[in-house]
Amino acid sequence: MKFIGIDGCKAGWFYVGFDQNQQWQTGIFEQISELSDHLPAAHLVLIDIPMGLKSSGKRERVCDIEARNKLKPKRNASVFPVPCRESLYAKNYQQASELNFQKTGRKLSKQTWNIMPKISQVDDFLLAGKGRYKIREMHPELCFWAFNCHQPMQHNKRTEQGFRERRELLNKFCGVADSIIEDALSRFSKKHLAKDDVLDALVGAVTACFHERLKSLPQAPQYDDMNLPMEVVFAEANEDMSIIETPAGYLRLQARGNELVQIGWLVDQALPKPAESGFLKDVVQQIHQYWQNPEAKIVVKLTQRGTPFMSKVWQALGQIPSGQTRTYGELAQLLGTSARAVGNACRKNPYPLIVPCHRVVSAKGLGGYDGATAGEKLTIKQKLLAHEQHYSDEKIF
């Protein structure tokens, strides 16, 4: 199995796995240590259990705080406070709750106490060096949220409506979802495996299959005292990605629905990837037209990103005509700020070419571009400016 999703169940751990040919397999591990036999062939394992535990401190893991914010208002309660590592070794609930209170200022819920043996199993497994870099934490409701275009599920997963809406969503991303669900529910009894356990493991496995589009909360993971990441991952499977070849180099575009999420220049050789959605195909067509006429505006809806100040700078960039440049200092004077602040906003521009930060230069030279101050990115900037200047000169003569 190459991509595996795991969820705790009454009999131990229920898993769903896919190989490189999308052949699937399901089963139950009594102990998480049984995963060891599958790790050599695995590319990614996603498990619904807290990994990375704080030792102390009143502030919860950032990943849990951010996940709750994404899942408001109906599913945020599914992300419960994670215990500190020391409380895992308590002999009973009262002792564990008091110990957790001493370390974090929070007592433990009975729900947390009930899964602490499983948290301890995984913690011991990881600290023993087993699969540390192949196993990552997921939260099923966050995975469903991502698959559902950033909308939490409407119904509780233990209700018939909740089961049905999750099953229907999984079918959009996994053509054999129904077969897997029916197989698991027919092979294992209800006293060993619940219906929602199957959904949770399956969404983890499907998310793992989209490993190239995996993202995490927080974006830069924290690490605990044992150097385990405190993160929760999900996949932006709704994003359409295209790589196109231009006279200046390879350009990667990412879209979600009818909004452009990000653009980035690739400095290494890349394989072109055609756009799939009608929206991104239109953006690609407009970019190709730019190479025929750089004065033509690329009209596209952009996902709002950055601070209000950055947006102000990016709006000013769009006012610089093709074939012309402005210095960082000139823009700073126009906006009533510093050249350094303008340069920083240009560096963080997520839409190079469309938001033409290449038209901003240093008073002493070319300046930086697309987050770089040297190398191939500067060559791309030179090519863009040369193309626009050549077109402008041709119009004059």
# chains A, B, ... in the order shown; residues from 1 in each chain; ligands from 1
>>> residues_around(residues="Cys346 (chain A)", least_positions_apart="6", cutoff="10 Å", atoms="only C-alpha atoms", output="number ranges by chain")
A: 310, 313-314, 317, 328, 340, 352, 355-358, 360, 368-371
>>> write_last_selection(atoms="C-alpha atoms", output="mmCIF file, in the first residue's frame")
data_model
loop_
_atom_site.group_PDB
_atom_site.id
_atom_site.type_symbol
_atom_site.label_atom_id
_atom_site.label_comp_id
_atom_site.auth_asym_id
_atom_site.auth_seq_id
_atom_site.Cartn_x
_atom_site.Cartn_y
_atom_site.Cartn_z
ATOM 1 C CA MET A 310 0.383 45.109 0.265
ATOM 2 C CA VAL A 313 1.116 48.515 -3.444
ATOM 3 C CA TRP A 314 -0.097 45.782 -5.805
ATOM 4 C CA LEU A 317 1.800 48.180 -9.747
ATOM 5 C CA TYR A 328 10.970 51.520 -5.576
ATOM 6 C CA ARG A 340 12.015 49.059 1.582
ATOM 7 C CA PRO A 352 3.845 37.978 -10.771
ATOM 8 C CA VAL A 355 0.360 42.065 -10.991
ATOM 9 C CA PRO A 356 3.412 43.471 -12.852
ATOM 10 C CA CYS A 357 6.031 43.813 -10.121
ATOM 11 C CA HIS A 358 8.660 43.223 -12.825
ATOM 12 C CA VAL A 360 9.563 48.078 -10.515
ATOM 13 C CA GLY A 368 14.810 41.818 -7.270
ATOM 14 C CA TYR A 369 11.998 39.710 -8.680
ATOM 15 C CA ASP A 370 9.622 37.021 -7.469
ATOM 16 C CA GLY A 371 11.403 36.695 -4.132
#
>>> residues_around(residues="Ala363 (chain A)", least_positions_apart="6", cutoff="12 Å", atoms="only C-alpha atoms", output="PDB file with C-alpha atoms, in the first residue's frame")
ATOM      1  CA  THR A 325       9.256  51.142 -15.182  1.00  0.00           C
ATOM      2  CA  ARG A 326       9.168  52.853 -11.800  1.00  0.00           C
ATOM      3  CA  THR A 327      11.753  52.732  -9.066  1.00  0.00           C
ATOM      4  CA  TYR A 328      10.970  51.520  -5.576  1.00  0.00           C
ATOM      5  CA  GLY A 329      11.631  55.064  -4.398  1.00  0.00           C
ATOM      6  CA  GLU A 330       9.197  56.605  -6.880  1.00  0.00           C
ATOM      7  CA  LEU A 331       6.421  54.253  -5.811  1.00  0.00           C
ATOM      8  CA  ALA A 339      11.277  52.044  -0.661  1.00  0.00           C
TER       9      ALA A 339
END
>>> select_by_dssp(residues="region 192-373 of chain A", states="alpha helix (DSSP H)", output="short mmCIF file (atom, residue, chain, number, x, y, z; two decimals) with N, CA and C atoms, in the first residue's frame")
data_model
loop_
_atom_site.label_atom_id
_atom_site.label_comp_id
_atom_site.auth_asym_id
_atom_site.auth_seq_id
_atom_site.Cartn_x
_atom_site.Cartn_y
_atom_site.Cartn_z
N LYS A 195 -19.62 2.89 11.28
CA LYS A 195 -19.70 3.43 9.92
C LYS A 195 -18.82 4.67 9.75
N ASP A 196 -18.81 5.55 10.77
CA ASP A 196 -18.02 6.77 10.62
C ASP A 196 -16.52 6.49 10.68
N ASP A 197 -16.10 5.37 11.29
CA ASP A 197 -14.69 4.99 11.27
C ASP A 197 -14.23 4.73 9.83
N VAL A 198 -15.11 4.09 9.07
CA VAL A 198 -14.79 3.80 7.66
C VAL A 198 -14.63 5.10 6.88
N LEU A 199 -15.57 6.03 7.07
CA LEU A 199 -15.49 7.33 6.38
C LEU A 199 -14.21 8.06 6.73
N ASP A 200 -13.85 8.05 8.03
CA ASP A 200 -12.69 8.82 8.48
C ASP A 200 -11.38 8.25 7.93
N ALA A 201 -11.25 6.93 7.92
CA ALA A 201 -10.04 6.33 7.36
C ALA A 201 -9.99 6.54 5.85
N LEU A 202 -11.14 6.43 5.19
CA LEU A 202 -11.19 6.58 3.74
C LEU A 202 -10.83 7.99 3.31
N VAL A 203 -11.35 9.00 4.00
CA VAL A 203 -11.02 10.37 3.61
C VAL A 203 -9.53 10.63 3.84
N GLY A 204 -8.94 9.96 4.83
CA GLY A 204 -7.49 10.09 5.03
C GLY A 204 -6.71 9.48 3.88
N ALA A 205 -7.14 8.31 3.42
CA ALA A 205 -6.45 7.65 2.31
C ALA A 205 -6.60 8.44 1.01
N VAL A 206 -7.81 8.95 0.75
CA VAL A 206 -8.03 9.74 -0.46
C VAL A 206 -7.21 11.03 -0.40
N THR A 207 -7.16 11.65 0.78
CA THR A 207 -6.33 12.85 0.95
C THR A 207 -4.87 12.54 0.67
N ALA A 208 -4.38 11.39 1.15
CA ALA A 208 -2.99 11.00 0.92
C ALA A 208 -2.70 10.83 -0.57
N CYS A 209 -3.71 10.38 -1.33
CA CYS A 209 -3.52 10.23 -2.79
C CYS A 209 -3.27 11.58 -3.47
N GLY A 278 -12.38 25.37 -17.26
CA GLY A 278 -12.59 26.43 -18.24
C GLY A 278 -12.01 27.74 -17.77
N PHE A 279 -12.11 27.99 -16.46
CA PHE A 279 -11.56 29.24 -15.89
C PHE A 279 -10.06 29.34 -16.13
N LEU A 280 -9.33 28.28 -15.78
CA LEU A 280 -7.88 28.35 -15.91
C LEU A 280 -7.45 28.33 -17.38
N LYS A 281 -8.20 27.66 -18.22
CA LYS A 281 -7.90 27.69 -19.65
C LYS A 281 -7.98 29.11 -20.19
N ASP A 282 -8.96 29.87 -19.70
CA ASP A 282 -9.10 31.27 -20.14
C ASP A 282 -7.92 32.11 -19.66
N VAL A 283 -7.47 31.87 -18.42
CA VAL A 283 -6.30 32.60 -17.90
C VAL A 283 -5.07 32.29 -18.73
N VAL A 284 -4.87 31.02 -19.03
CA VAL A 284 -3.72 30.61 -19.84
C VAL A 284 -3.77 31.27 -21.20
N GLN A 285 -4.95 31.33 -21.80
CA GLN A 285 -5.10 31.96 -23.11
C GLN A 285 -4.74 33.44 -23.05
N GLN A 286 -5.15 34.12 -21.99
CA GLN A 286 -4.83 35.54 -21.83
C GLN A 286 -3.32 35.75 -21.65
N ILE A 287 -2.68 34.84 -20.95
CA ILE A 287 -1.23 34.95 -20.77
C ILE A 287 -0.51 34.75 -22.10
N HIS A 288 -0.98 33.81 -22.90
CA HIS A 288 -0.38 33.62 -24.23
C HIS A 288 -0.58 34.88 -25.09
N GLN A 289 -1.73 35.53 -24.94
CA GLN A 289 -1.99 36.76 -25.70
C GLN A 289 -1.06 37.89 -25.28
N TYR A 290 -0.65 37.86 -24.00
CA TYR A 290 0.30 38.87 -23.51
C TYR A 290 1.57 38.86 -24.34
N PRO A 308 -3.61 44.95 3.93
CA PRO A 308 -4.16 46.09 3.18
C PRO A 308 -3.06 46.92 2.52
N PHE A 309 -1.92 47.07 3.20
CA PHE A 309 -0.84 47.85 2.60
C PHE A 309 -0.30 47.16 1.35
N MET A 310 -0.10 45.84 1.43
CA MET A 310 0.38 45.11 0.27
C MET A 310 -0.59 45.25 -0.90
N SER A 311 -1.87 45.15 -0.61
CA SER A 311 -2.88 45.29 -1.66
C SER A 311 -2.80 46.67 -2.30
N LYS A 312 -2.51 47.68 -1.49
CA LYS A 312 -2.37 49.05 -2.00
C LYS A 312 -1.19 49.15 -2.95
N VAL A 313 -0.07 48.51 -2.58
CA VAL A 313 1.12 48.52 -3.44
C VAL A 313 0.82 47.76 -4.74
N TRP A 314 0.19 46.58 -4.62
CA TRP A 314 -0.10 45.78 -5.81
C TRP A 314 -1.04 46.51 -6.75
N GLN A 315 -1.97 47.27 -6.19
CA GLN A 315 -2.88 48.05 -7.04
C GLN A 315 -2.10 49.11 -7.81
N ALA A 316 -1.10 49.72 -7.14
CA ALA A 316 -0.26 50.73 -7.80
C ALA A 316 0.58 50.11 -8.90
N LEU A 317 1.01 48.86 -8.71
CA LEU A 317 1.80 48.18 -9.75
C LEU A 317 0.99 48.05 -11.03
N TYR A 328 11.59 51.74 -6.88
CA TYR A 328 10.97 51.52 -5.58
C TYR A 328 10.75 52.86 -4.87
N GLY A 329 11.73 53.75 -5.03
CA GLY A 329 11.63 55.06 -4.40
C GLY A 329 10.49 55.89 -4.95
N GLU A 330 10.28 55.84 -6.27
CA GLU A 330 9.20 56.60 -6.88
C GLU A 330 7.84 56.11 -6.40
N LEU A 331 7.68 54.80 -6.32
CA LEU A 331 6.42 54.25 -5.81
C LEU A 331 6.23 54.58 -4.33
N ALA A 332 7.34 54.56 -3.59
CA ALA A 332 7.25 54.88 -2.16
C ALA A 332 6.78 56.31 -1.96
N GLN A 333 7.31 57.23 -2.77
CA GLN A 333 6.91 58.63 -2.67
C GLN A 333 5.43 58.78 -3.02
N LEU A 334 4.98 58.06 -4.03
CA LEU A 334 3.58 58.12 -4.44
C LEU A 334 2.65 57.61 -3.34
N LEU A 335 3.08 56.57 -2.64
CA LEU A 335 2.24 55.92 -1.63
C LEU A 335 2.49 56.42 -0.22
N ALA A 339 10.90 52.91 0.45
CA ALA A 339 11.28 52.04 -0.66
C ALA A 339 11.39 50.59 -0.20
N ARG A 340 11.88 50.41 1.04
CA ARG A 340 12.01 49.06 1.58
C ARG A 340 10.64 48.39 1.71
N ALA A 341 9.63 49.15 2.16
CA ALA A 341 8.28 48.59 2.32
C ALA A 341 7.70 48.21 0.96
N VAL A 342 7.94 49.04 -0.05
CA VAL A 342 7.47 48.73 -1.40
C VAL A 342 8.16 47.48 -1.91
N GLY A 343 9.47 47.38 -1.70
CA GLY A 343 10.22 46.21 -2.14
C GLY A 343 9.72 44.93 -1.47
N ASN A 344 9.39 45.03 -0.20
CA ASN A 344 8.89 43.87 0.52
C ASN A 344 7.53 43.43 -0.03
N ALA A 345 6.67 44.38 -0.37
CA ALA A 345 5.36 44.05 -0.94
C ALA A 345 5.52 43.41 -2.32
N CYS A 346 6.48 43.90 -3.09
CA CYS A 346 6.75 43.32 -4.40
C CYS A 346 7.25 41.88 -4.26
N ARG A 347 8.12 41.68 -3.28
CA ARG A 347 8.69 40.35 -3.05
C ARG A 347 7.61 39.33 -2.70
#
>>> closest_residue(among="A:Leu253, A:Ile380, A:Cys9, A:Met116", to="Lys191 (chain A)", atoms="only C-alpha atoms")
A:Cys9
>>> residues_around(residues="Cys174 (chain A)", least_positions_apart="2", cutoff="12 Å", atoms="only C-alpha atoms", output="VMD selection string")
chain A and resid 18 22 to 24 147 166 to 172 176 to 181 202 to 210 237
>>> residues_around(residues="Thr246 (chain A)", least_positions_apart="3", cutoff="10 Å", atoms="only C-alpha atoms", output="list in words")
Ile243, Gly249, Tyr250, Leu251, Ile287, His288 and Trp291 of chain A
>>> atom_distance(atom1="CA of Arg136 (chain A)", atom2="CA of Arg85 (chain A)")
17.6 Å
>>> residues_around(residues="Gln31 (chain A)", least_positions_apart="5", cutoff="10 Å", atoms="only C-alpha atoms", output="PDB file with N, CA and C atoms, in the first residue's frame")
ATOM      1  N   ALA A  11     -11.976  -2.116  17.640  1.00  0.00           N
ATOM      2  CA  ALA A  11     -11.106  -3.290  17.562  1.00  0.00           C
ATOM      3  C   ALA A  11      -9.630  -2.921  17.427  1.00  0.00           C
ATOM      4  N   GLY A  12      -9.335  -1.649  17.325  1.00  0.00           N
ATOM      5  CA  GLY A  12      -7.944  -1.213  17.174  1.00  0.00           C
ATOM      6  C   GLY A  12      -7.822  -0.042  16.231  1.00  0.00           C
ATOM      7  N   TRP A  13      -7.354  -0.318  15.007  1.00  0.00           N
ATOM      8  CA  TRP A  13      -7.134   0.731  14.005  1.00  0.00           C
ATOM      9  C   TRP A  13      -7.635   0.240  12.653  1.00  0.00           C
ATOM     10  N   LYS A 118      -4.711   5.195  22.709  1.00  0.00           N
ATOM     11  CA  LYS A 118      -4.332   5.211  21.297  1.00  0.00           C
ATOM     12  C   LYS A 118      -3.314   6.322  21.013  1.00  0.00           C
ATOM     13  N   GLN A 121      -0.075   4.932  22.139  1.00  0.00           N
ATOM     14  CA  GLN A 121       0.438   3.937  21.185  1.00  0.00           C
ATOM     15  C   GLN A 121       1.201   4.615  20.053  1.00  0.00           C
ATOM     16  N   VAL A 122       0.578   5.610  19.454  1.00  0.00           N
ATOM     17  CA  VAL A 122       1.191   6.290  18.309  1.00  0.00           C
ATOM     18  C   VAL A 122       2.425   7.071  18.748  1.00  0.00           C
TER      19      VAL A 122
END
>>> atom_distance(atom1="CA of Glu60 (chain A)", atom2="CA of Val82 (chain A)")
7.6 Å
>>> residues_around(residues="Lys91 (chain A)", least_positions_apart="5", cutoff="12 Å", atoms="only C-alpha atoms", output="MDAnalysis selection string")
chainID A and resid 86 96:99 113 116:117
>>> write_last_selection(atoms="C-alpha atoms", output="PDB file, in the first residue's frame")
ATOM      1  CA  GLU A  86       3.188  13.581  30.668  1.00  0.00           C
ATOM      2  CA  ALA A  96      -4.382  12.415  34.226  1.00  0.00           C
ATOM      3  CA  SER A  97      -6.822  15.331  34.409  1.00  0.00           C
ATOM      4  CA  GLU A  98      -5.077  16.893  37.412  1.00  0.00           C
ATOM      5  CA  LEU A  99      -1.672  16.468  35.834  1.00  0.00           C
ATOM      6  CA  TRP A 113      -9.231  10.243  28.260  1.00  0.00           C
ATOM      7  CA  MET A 116      -5.409   8.445  25.347  1.00  0.00           C
ATOM      8  CA  PRO A 117      -4.280   4.794  25.071  1.00  0.00           C
TER       9      PRO A 117
END
>>> closest_residue(among="A:Asn156, A:Asn92, A:Ser33, A:Ser55", to="Ser78 (chain A)", atoms="only C-alpha atoms")
A:Asn156
>>> residues_around(residues="Gln94 (chain A)", least_positions_apart="6", cutoff="12 Å", atoms="only C-alpha atoms", output="list in words")
Ser87, Asn100, Phe101, Lys107, Leu108, Ser109, Lys110 and Trp113 of chain A
>>> closest_residue(among="A:Leu353, A:Ser338, A:Glu165, A:Gln151", to="Arg252 (chain A)", atoms="only C-alpha atoms")
A:Leu353
>>> closest_residue(among="A:Leu142, A:Ile263, A:Ala386, A:Ile354", to="Ala248 (chain A)", atoms="only C-alpha atoms")
A:Ala386
